[in-house]
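This report concerns only the one structure given below.
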Amino acid sequence: MEILRADKMGFCFGVKKAVETCYEISESREYRKYILGMVVHNKDVVKRMKEIGFLTIHEEELLEGKDNLKKGDIVIIRAHGTTKEIYEILRKKGVIIEDATCIFVTKIREILLEREEEKDEIIFIGDKDHPEVKGIISFGKNIHIFKTIEELKKADFNKEKKYSVLTQTTLNKEKFLEIKEYLQKHYSNAKIFDRICGATSERQEATKSLSKIVDIVIVIGDIKSSNSKKLLEVALKNNQNSYLIQNDKELNLSIFKPDMKVGITAGASTPEEVIKKIENKIRGKFNV
Ligand code: SF4
């Protein structure tokens, strides 16, 4: 048996940093420690954070004043950030904010503020219900938001005004290029910023290549994580013998044969410990 890992897999830069922040903060014993929402879309990580002393606080609780945060508590902001209103509520409460918002998200927020300073209106492409988008656009004043190019095409922008175009970090690159082409053709008064984060597409590309050269693909990730489900979809397109599992307990060793080439990949929210446990279990059974 041979075990091959995808070239890019597991934690992305922003998630890795956010989880590391949690571990660092977990050392401070004298404060109550909270994570705003889910630090990562992965049940094992959430469970682990609870074990090392973190409580969870949700945005709704803060907005409705139903929290019991006290001055001096620590609140970690997850990688995808939060809204301006939540930052303000936290500041007023006097809690210690540990901001683990990914720098790629922060950069988009900064460009938005700079461009608004320059009196541009913002055209934002993304899902307005996604926490990352909710957070970014909450900092702006004059934002036109669109989820798809079809929606965008229905809009009639003023050719006399200045626009800046920003997107969600995980927007599909092909969709972005299509939008860029459309806007450049119709609106020379729109300045387009490419701030897409490659983490998702890199993992999909790596899974695609891997699934073509192995006999079986094990995708490791939470069943609720959209990026892990997407990896399974990509793997299945090229290899029908592909499975999504969440942890080593779900690993069924009877699906492997000793002469197989096994491919392993994992979503951007899957920790290395979970991947290692699964890989070691397969190695242990087949002596590889
Ligand atoms: S997917 Fe990209 S933008 Fe989002 S947290 Fe990861 S590295 Fe940052």
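Naming works like this for the structure tokens: A, B, ... for the chains as they're shown, residue 1 at the start of each chain, ligands 1 onward in shown order.
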With 9 Å as the cut-off and only C-alpha atoms and all ligand atoms counted, what is the closest atom pair between each nearby residue of chain A and ligand 1? Distances in Å to one decimal, ordered by chain and number, as JSON lines.
{"residue": "A:Phe11", "atom": "CA", "partner": "ligand 1", "partner_atom_place_in_ligand_line": "6 (Fe)", "distance": 7.6}
{"residue": "A:Cys12", "atom": "CA", "partner": "ligand 1", "partner_atom_place_in_ligand_line": "6 (Fe)", "distance": 4.6}
{"residue": "A:Phe13", "atom": "CA", "partner": "ligand 1", "partner_atom_place_in_ligand_line": "7 (S)", "distance": 4.5}
{"residue": "A:Gly14", "atom": "CA", "partner": "ligand 1", "partner_atom_place_in_ligand_line": "5 (S)", "distance": 3.8}
{"residue": "A:Val15", "atom": "CA", "partner": "ligand 1", "partner_atom_place_in_ligand_line": "5 (S)", "distance": 5.1}
{"residue": "A:Lys16", "atom": "CA", "partner": "ligand 1", "partner_atom_place_in_ligand_line": "6 (Fe)", "distance": 8.1}
{"residue": "A:Lys17", "atom": "CA", "partner": "ligand 1", "partner_atom_place_in_ligand_line": "5 (S)", "distance": 8.7}
{"residue": "A:Ala18", "atom": "CA", "partner": "ligand 1", "partner_atom_place_in_ligand_line": "5 (S)", "distance": 8.5}
{"residue": "A:Arg78", "atom": "CA", "partner": "ligand 1", "partner_atom_place_in_ligand_line": "5 (S)", "distance": 8.7}
{"residue": "A:Ala79", "atom": "CA", "partner": "ligand 1", "partner_atom_place_in_ligand_line": "5 (S)", "distance": 5.1}
{"residue": "A:His80", "atom": "CA", "partner": "ligand 1", "partner_atom_place_in_ligand_line": "5 (S)", "distance": 5.8}
{"residue": "A:Thr101", "atom": "CA", "partner": "ligand 1", "partner_atom_place_in_ligand_line": "5 (S)", "distance": 7.6}
{"residue": "A:Cys102", "atom": "CA", "partner": "ligand 1", "partner_atom_place_in_ligand_line": "8 (Fe)", "distance": 4.7}
{"residue": "A:Ile103", "atom": "CA", "partner": "ligand 1", "partner_atom_place_in_ligand_line": "8 (Fe)", "distance": 6.7}
{"residue": "A:Phe104", "atom": "CA", "partner": "ligand 1", "partner_atom_place_in_ligand_line": "3 (S)", "distance": 5.0}
{"residue": "A:Val105", "atom": "CA", "partner": "ligand 1", "partner_atom_place_in_ligand_line": "3 (S)", "distance": 5.7}
{"residue": "A:Glu132", "atom": "CA", "partner": "ligand 1", "partner_atom_place_in_ligand_line": "4 (Fe)", "distance": 8.3}
{"residue": "A:Gln168", "atom": "CA", "partner": "ligand 1", "partner_atom_place_in_ligand_line": "3 (S)", "distance": 8.5}
{"residue": "A:Thr169", "atom": "CA", "partner": "ligand 1", "partner_atom_place_in_ligand_line": "3 (S)", "distance": 5.2}
{"residue": "A:Thr170", "atom": "CA", "partner": "ligand 1", "partner_atom_place_in_ligand_line": "1 (S)", "distance": 6.4}
{"residue": "A:Ile196", "atom": "CA", "partner": "ligand 1", "partner_atom_place_in_ligand_line": "3 (S)", "distance": 7.7}
{"residue": "A:Cys197", "atom": "CA", "partner": "ligand 1", "partner_atom_place_in_ligand_line": "2 (Fe)", "distance": 4.6}
{"residue": "A:Gly198", "atom": "CA", "partner": "ligand 1", "partner_atom_place_in_ligand_line": "2 (Fe)", "distance": 6.6}
{"residue": "A:Ala199", "atom": "CA", "partner": "ligand 1", "partner_atom_place_in_ligand_line": "2 (Fe)", "distance": 5.3}
{"residue": "A:Thr200", "atom": "CA", "partner": "ligand 1", "partner_atom_place_in_ligand_line": "1 (S)", "distance": 6.2}
{"residue": "A:Ala268", "atom": "CA", "partner": "ligand 1", "partner_atom_place_in_ligand_line": "6 (Fe)", "distance": 7.0}
{"residue": "A:Ser269", "atom": "CA", "partner": "ligand 1", "partner_atom_place_in_ligand_line": "6 (Fe)", "distance": 8.5}
How would the residues just picked look written out with N, CA and C atoms as a PDB file, in the first residue's frame?
ATOM      1  N   PHE A  11      -5.707  22.915   7.391  1.00  0.00           N
ATOM      2  CA  PHE A  11      -5.851  24.318   7.810  1.00  0.00           C
ATOM      3  C   PHE A  11      -5.291  25.320   6.811  1.00  0.00           C
ATOM      4  N   CYS A  12      -6.085  26.346   6.527  1.00  0.00           N
ATOM      5  CA  CYS A  12      -5.566  27.452   5.726  1.00  0.00           C
ATOM      6  C   CYS A  12      -4.834  28.388   6.698  1.00  0.00           C
ATOM      7  N   PHE A  13      -4.132  29.340   6.126  1.00  0.00           N
ATOM      8  CA  PHE A  13      -3.330  30.281   6.897  1.00  0.00           C
ATOM      9  C   PHE A  13      -4.139  30.969   8.018  1.00  0.00           C
ATOM     10  N   GLY A  14      -5.318  31.483   7.648  1.00  0.00           N
ATOM     11  CA  GLY A  14      -6.119  32.258   8.614  1.00  0.00           C
ATOM     12  C   GLY A  14      -6.650  31.406   9.760  1.00  0.00           C
ATOM     13  N   VAL A  15      -7.110  30.205   9.430  1.00  0.00           N
ATOM     14  CA  VAL A  15      -7.668  29.317  10.444  1.00  0.00           C
ATOM     15  C   VAL A  15      -6.554  28.840  11.390  1.00  0.00           C
ATOM     16  N   LYS A  16      -5.388  28.530  10.800  1.00  0.00           N
ATOM     17  CA  LYS A  16      -4.243  28.068  11.598  1.00  0.00           C
ATOM     18  C   LYS A  16      -3.892  29.143  12.641  1.00  0.00           C
ATOM     19  N   LYS A  17      -3.852  30.364  12.180  1.00  0.00           N
ATOM     20  CA  LYS A  17      -3.490  31.484  13.037  1.00  0.00           C
ATOM     21  C   LYS A  17      -4.531  31.646  14.165  1.00  0.00           C
ATOM     22  N   ALA A  18      -5.820  31.536  13.791  1.00  0.00           N
ATOM     23  CA  ALA A  18      -6.891  31.710  14.787  1.00  0.00           C
ATOM     24  C   ALA A  18      -6.817  30.618  15.856  1.00  0.00           C
ATOM     25  N   ARG A  78     -13.104  35.261  15.556  1.00  0.00           N
ATOM     26  CA  ARG A  78     -12.711  34.183  14.634  1.00  0.00           C
ATOM     27  C   ARG A  78     -12.103  34.726  13.329  1.00  0.00           C
ATOM     28  N   ALA A  79     -11.531  33.793  12.537  1.00  0.00           N
ATOM     29  CA  ALA A  79     -10.791  34.171  11.318  1.00  0.00           C
ATOM     30  C   ALA A  79     -11.620  34.981  10.319  1.00  0.00           C
ATOM     31  N   HIS A  80     -12.909  34.732  10.245  1.00  0.00           N
ATOM     32  CA  HIS A  80     -13.707  35.463   9.259  1.00  0.00           C
ATOM     33  C   HIS A  80     -14.234  36.796   9.771  1.00  0.00           C
ATOM     34  N   THR A 101      -9.012  37.871  13.257  1.00  0.00           N
ATOM     35  CA  THR A 101      -9.510  38.008  11.875  1.00  0.00           C
ATOM     36  C   THR A 101      -8.342  37.836  10.903  1.00  0.00           C
ATOM     37  N   CYS A 102      -8.554  37.017   9.886  1.00  0.00           N
ATOM     38  CA  CYS A 102      -7.498  36.737   8.903  1.00  0.00           C
ATOM     39  C   CYS A 102      -7.056  38.034   8.210  1.00  0.00           C
ATOM     40  N   ILE A 103      -5.769  38.159   7.954  1.00  0.00           N
ATOM     41  CA  ILE A 103      -5.271  39.403   7.340  1.00  0.00           C
ATOM     42  C   ILE A 103      -5.859  39.641   5.951  1.00  0.00           C
ATOM     43  N   PHE A 104      -6.253  38.571   5.267  1.00  0.00           N
ATOM     44  CA  PHE A 104      -6.852  38.760   3.932  1.00  0.00           C
ATOM     45  C   PHE A 104      -8.218  39.437   4.053  1.00  0.00           C
ATOM     46  N   VAL A 105      -8.919  39.127   5.129  1.00  0.00           N
ATOM     47  CA  VAL A 105     -10.241  39.738   5.365  1.00  0.00           C
ATOM     48  C   VAL A 105     -10.038  41.195   5.806  1.00  0.00           C
ATOM     49  N   GLU A 132     -18.254  36.463   7.016  1.00  0.00           N
ATOM     50  CA  GLU A 132     -17.149  37.302   6.540  1.00  0.00           C
ATOM     51  C   GLU A 132     -17.683  38.554   5.836  1.00  0.00           C
ATOM     52  N   GLN A 168     -15.839  38.855  -1.742  1.00  0.00           N
ATOM     53  CA  GLN A 168     -15.632  37.897  -0.648  1.00  0.00           C
ATOM     54  C   GLN A 168     -14.308  37.164  -0.934  1.00  0.00           C
ATOM     55  N   THR A 169     -13.561  36.809   0.094  1.00  0.00           N
ATOM     56  CA  THR A 169     -12.246  36.186  -0.142  1.00  0.00           C
ATOM     57  C   THR A 169     -12.331  34.863  -0.908  1.00  0.00           C
ATOM     58  N   THR A 170     -13.443  34.151  -0.716  1.00  0.00           N
ATOM     59  CA  THR A 170     -13.532  32.815  -1.309  1.00  0.00           C
ATOM     60  C   THR A 170     -14.307  32.784  -2.629  1.00  0.00           C
ATOM     61  N   ILE A 196      -8.987  37.868  -3.811  1.00  0.00           N
ATOM     62  CA  ILE A 196      -9.483  36.509  -3.562  1.00  0.00           C
ATOM     63  C   ILE A 196      -8.383  35.682  -2.899  1.00  0.00           C
ATOM     64  N   CYS A 197      -8.777  34.908  -1.903  1.00  0.00           N
ATOM     65  CA  CYS A 197      -7.801  34.062  -1.214  1.00  0.00           C
ATOM     66  C   CYS A 197      -7.788  32.708  -1.915  1.00  0.00           C
ATOM     67  N   GLY A 198      -6.591  32.237  -2.232  1.00  0.00           N
ATOM     68  CA  GLY A 198      -6.483  31.014  -3.016  1.00  0.00           C
ATOM     69  C   GLY A 198      -6.676  29.723  -2.221  1.00  0.00           C
ATOM     70  N   ALA A 199      -6.841  29.812  -0.907  1.00  0.00           N
ATOM     71  CA  ALA A 199      -6.846  28.595  -0.075  1.00  0.00           C
ATOM     72  C   ALA A 199      -7.868  27.551  -0.546  1.00  0.00           C
ATOM     73  N   THR A 200      -9.072  27.991  -0.833  1.00  0.00           N
ATOM     74  CA  THR A 200     -10.124  27.044  -1.210  1.00  0.00           C
ATOM     75  C   THR A 200      -9.829  26.414  -2.573  1.00  0.00           C
ATOM     76  N   ALA A 268     -10.158  22.998   4.739  1.00  0.00           N
ATOM     77  CA  ALA A 268      -9.377  24.080   5.361  1.00  0.00           C
ATOM     78  C   ALA A 268      -9.637  24.228   6.858  1.00  0.00           C
ATOM     79  N   SER A 269     -10.645  23.518   7.364  1.00  0.00           N
ATOM     80  CA  SER A 269     -10.910  23.628   8.797  1.00  0.00           C
ATOM     81  C   SER A 269     -10.581  22.328   9.543  1.00  0.00           C
TER      82      SER A 269
END
request  = Compile the contact shell of Asp248 in chain A as number ranges by chain: residues with an atom at most 9 Å away, counting only C-alpha atoms, same-chain residues fewer than 6 positions apart removed.
outcome  = A: 274-275, 277-279, 281
message = Based on the backbone DSSP call, show me all residues of range 138-259 of chain A assigned helix (DSSP H, G or I), as a VMD selection string.
response = chain A and resid 149 to 153 173 to 186 199 to 213 226 to 238 248 to 250 253 to 255
request  = Counting only C-alpha atoms, figure out which residue out of A:Val217, A:Ile264, A:Val133, A:Val19 gets nearest to Tyr243 in chain A.
outcome  = A:Val217
query = Between A:Glu150, A:Glu273, A:Glu233, A:Asp222, which is the closest to Tyr182 in chain A once you count only C-alpha atoms?
reply =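 So, comparing all the options, the nearest one is A:Glu150.
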query = In range 97-136 of chain A, what's strand (DSSP E or B) per DSSP? Answer as an MDAnalysis selection string?
reply = chainID A and resid 97:99 121:125
inquiry  = I'd like to know which of A:Thr265, A:Ile137, A:Asn42, A:Lys249 is closest to Ala206 in chain A, using only C-alpha atoms.
reply    =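 Closest to Ala206 in chain A, using only C-alpha atoms: A:Thr265.
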task = Can you work out the spacing between CA of Glu110 in chain A and CA of Glu20 in chain A in Å, to one decimal?
result = 23.9 Å
task = Write out as a PyMOL selection string each polymer residue whose atoms come within 10 Å of Ile35 in chain A, counting only C-alpha atoms; drop sequence neighbours fewer than 3 positions from it.
result = chain A and resi 22+38-39+46+49-50+54-58+74-78+98
inquiry  = Just the number, please: distance in Å from CA of Lys191 in chain A to CA of Glu121 in chain A, one decimal.
reply    = 10.3 Å
key: Counting only C-alpha atoms, the option among A:Ile179, A:Ile282, A:Ile25, A:Leu36 closest to Thr148 in chain A   =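 Looking at the shortest contact to Thr148 in chain A, the residue is A:Ile179.
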remark   = CA of Phe146 in chain A to CA of Phe124 in chain A measures 6.3 Å
Which range 2-54 of chain A residues have any atom within 10 Å of an atom of range 66-69 of chain A, and for each, what is the nearest pair of atoms with distance in Å to one decimal, counting only C-alpha atoms, rows sorted by chain and number, as JSON lines?
{"residue": "A:Arg32", "atom": "CA", "partner": "A:Leu69", "partner_atom": "CA", "distance": 8.8}
{"residue": "A:Lys33", "atom": "CA", "partner": "A:Leu69", "partner_atom": "CA", "distance": 9.8}
{"residue": "A:Tyr34", "atom": "CA", "partner": "A:Leu69", "partner_atom": "CA", "distance": 9.0}
inquiry  = So that I can check the surroundings of range 261-263 of chain A, please list as a list of chain:residue names every protein, DNA and RNA residue that reaches within 10 Å of it, counting only C-alpha atoms and ignoring chain neighbours fewer than 2 positions away.
reply    =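 The contact residues come out as A:Met1, A:Glu2, A:Ile3, A:Leu4, A:Arg5, A:Ala6, A:Thr207, A:Leu210, A:Ser211, A:Lys212, A:Ile213, A:Val214, A:Asp215, A:Ile216, A:Val217, A:Ile218, A:Val219, A:Ala235, A:Ser242, A:Phe256, A:Lys257, A:Pro258, A:Asp259, A:Thr265, A:Glu279, A:Ile282.
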Convert the current residue selection to file output with C-alpha atoms, as a PDB file, in the first residue's frame.
ATOM      1  CA  MET A   1       0.000   0.000   0.000  1.00  0.00           C
ATOM      2  CA  GLU A   2       1.042   3.553  -0.723  1.00  0.00           C
ATOM      3  CA  ILE A   3      -0.444   6.605   0.987  1.00  0.00           C
ATOM      4  CA  LEU A   4      -0.340   9.947  -0.801  1.00  0.00           C
ATOM      5  CA  ARG A   5      -1.386  13.288   0.615  1.00  0.00           C
ATOM      6  CA  ALA A   6      -2.805  16.125  -1.498  1.00  0.00           C
ATOM      7  CA  THR A 207      -7.735  17.076  -4.589  1.00  0.00           C
ATOM      8  CA  LEU A 210      -4.727  13.433  -6.357  1.00  0.00           C
ATOM      9  CA  SER A 211      -8.041  11.712  -7.076  1.00  0.00           C
ATOM     10  CA  LYS A 212      -6.876  10.901 -10.614  1.00  0.00           C
ATOM     11  CA  ILE A 213      -3.820   8.939  -9.529  1.00  0.00           C
ATOM     12  CA  VAL A 214      -5.077   6.915  -6.543  1.00  0.00           C
ATOM     13  CA  ASP A 215      -7.474   3.993  -6.058  1.00  0.00           C
ATOM     14  CA  ILE A 216      -9.353   5.483  -3.144  1.00  0.00           C
ATOM     15  CA  VAL A 217      -9.719   9.023  -1.751  1.00  0.00           C
ATOM     16  CA  ILE A 218     -10.345   9.839   1.895  1.00  0.00           C
ATOM     17  CA  VAL A 219     -11.550  13.403   2.389  1.00  0.00           C
ATOM     18  CA  ALA A 235     -12.864  13.842  -5.722  1.00  0.00           C
ATOM     19  CA  SER A 242     -14.108   8.641  -2.530  1.00  0.00           C
ATOM     20  CA  PHE A 256      -8.937  -0.700   1.929  1.00  0.00           C
ATOM     21  CA  LYS A 257      -6.931  -3.423   0.208  1.00  0.00           C
ATOM     22  CA  PRO A 258      -3.178  -4.004   0.720  1.00  0.00           C
ATOM     23  CA  ASP A 259      -2.265  -3.228  -2.916  1.00  0.00           C
ATOM     24  CA  THR A 265      -7.010  15.226   1.546  1.00  0.00           C
ATOM     25  CA  GLU A 279      -3.375   8.168   8.409  1.00  0.00           C
ATOM     26  CA  ILE A 282      -4.429   2.988   7.995  1.00  0.00           C
TER      27      ILE A 282
END
key: Long-range neighbours of Ile149 in chain A as a ChimeraX atom specification, 12 Å cut-off, only C-alpha atoms, 6 positions minimum in chain   = /A:123-126,155,171-172,174-183
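By chain and then residue number, the residues within 9 Å of Lys208 in chain A are A:Ala6, A:Arg203, A:Leu231, A:Val234, A:Ala235, A:Lys237, A:Asn238, counting only C-alpha atoms and disregarding those fewer than 5 positions away in sequence.
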query = Pick from A:Lys70, A:Lys92, A:Lys162, A:His186: nearest to Glu116 in chain A, with only C-alpha atoms counted?
reply =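 Ranking A:Lys70, A:Lys92, A:Lys162, A:His186 by distance to Glu116 in chain A, first place goes to A:Lys162.
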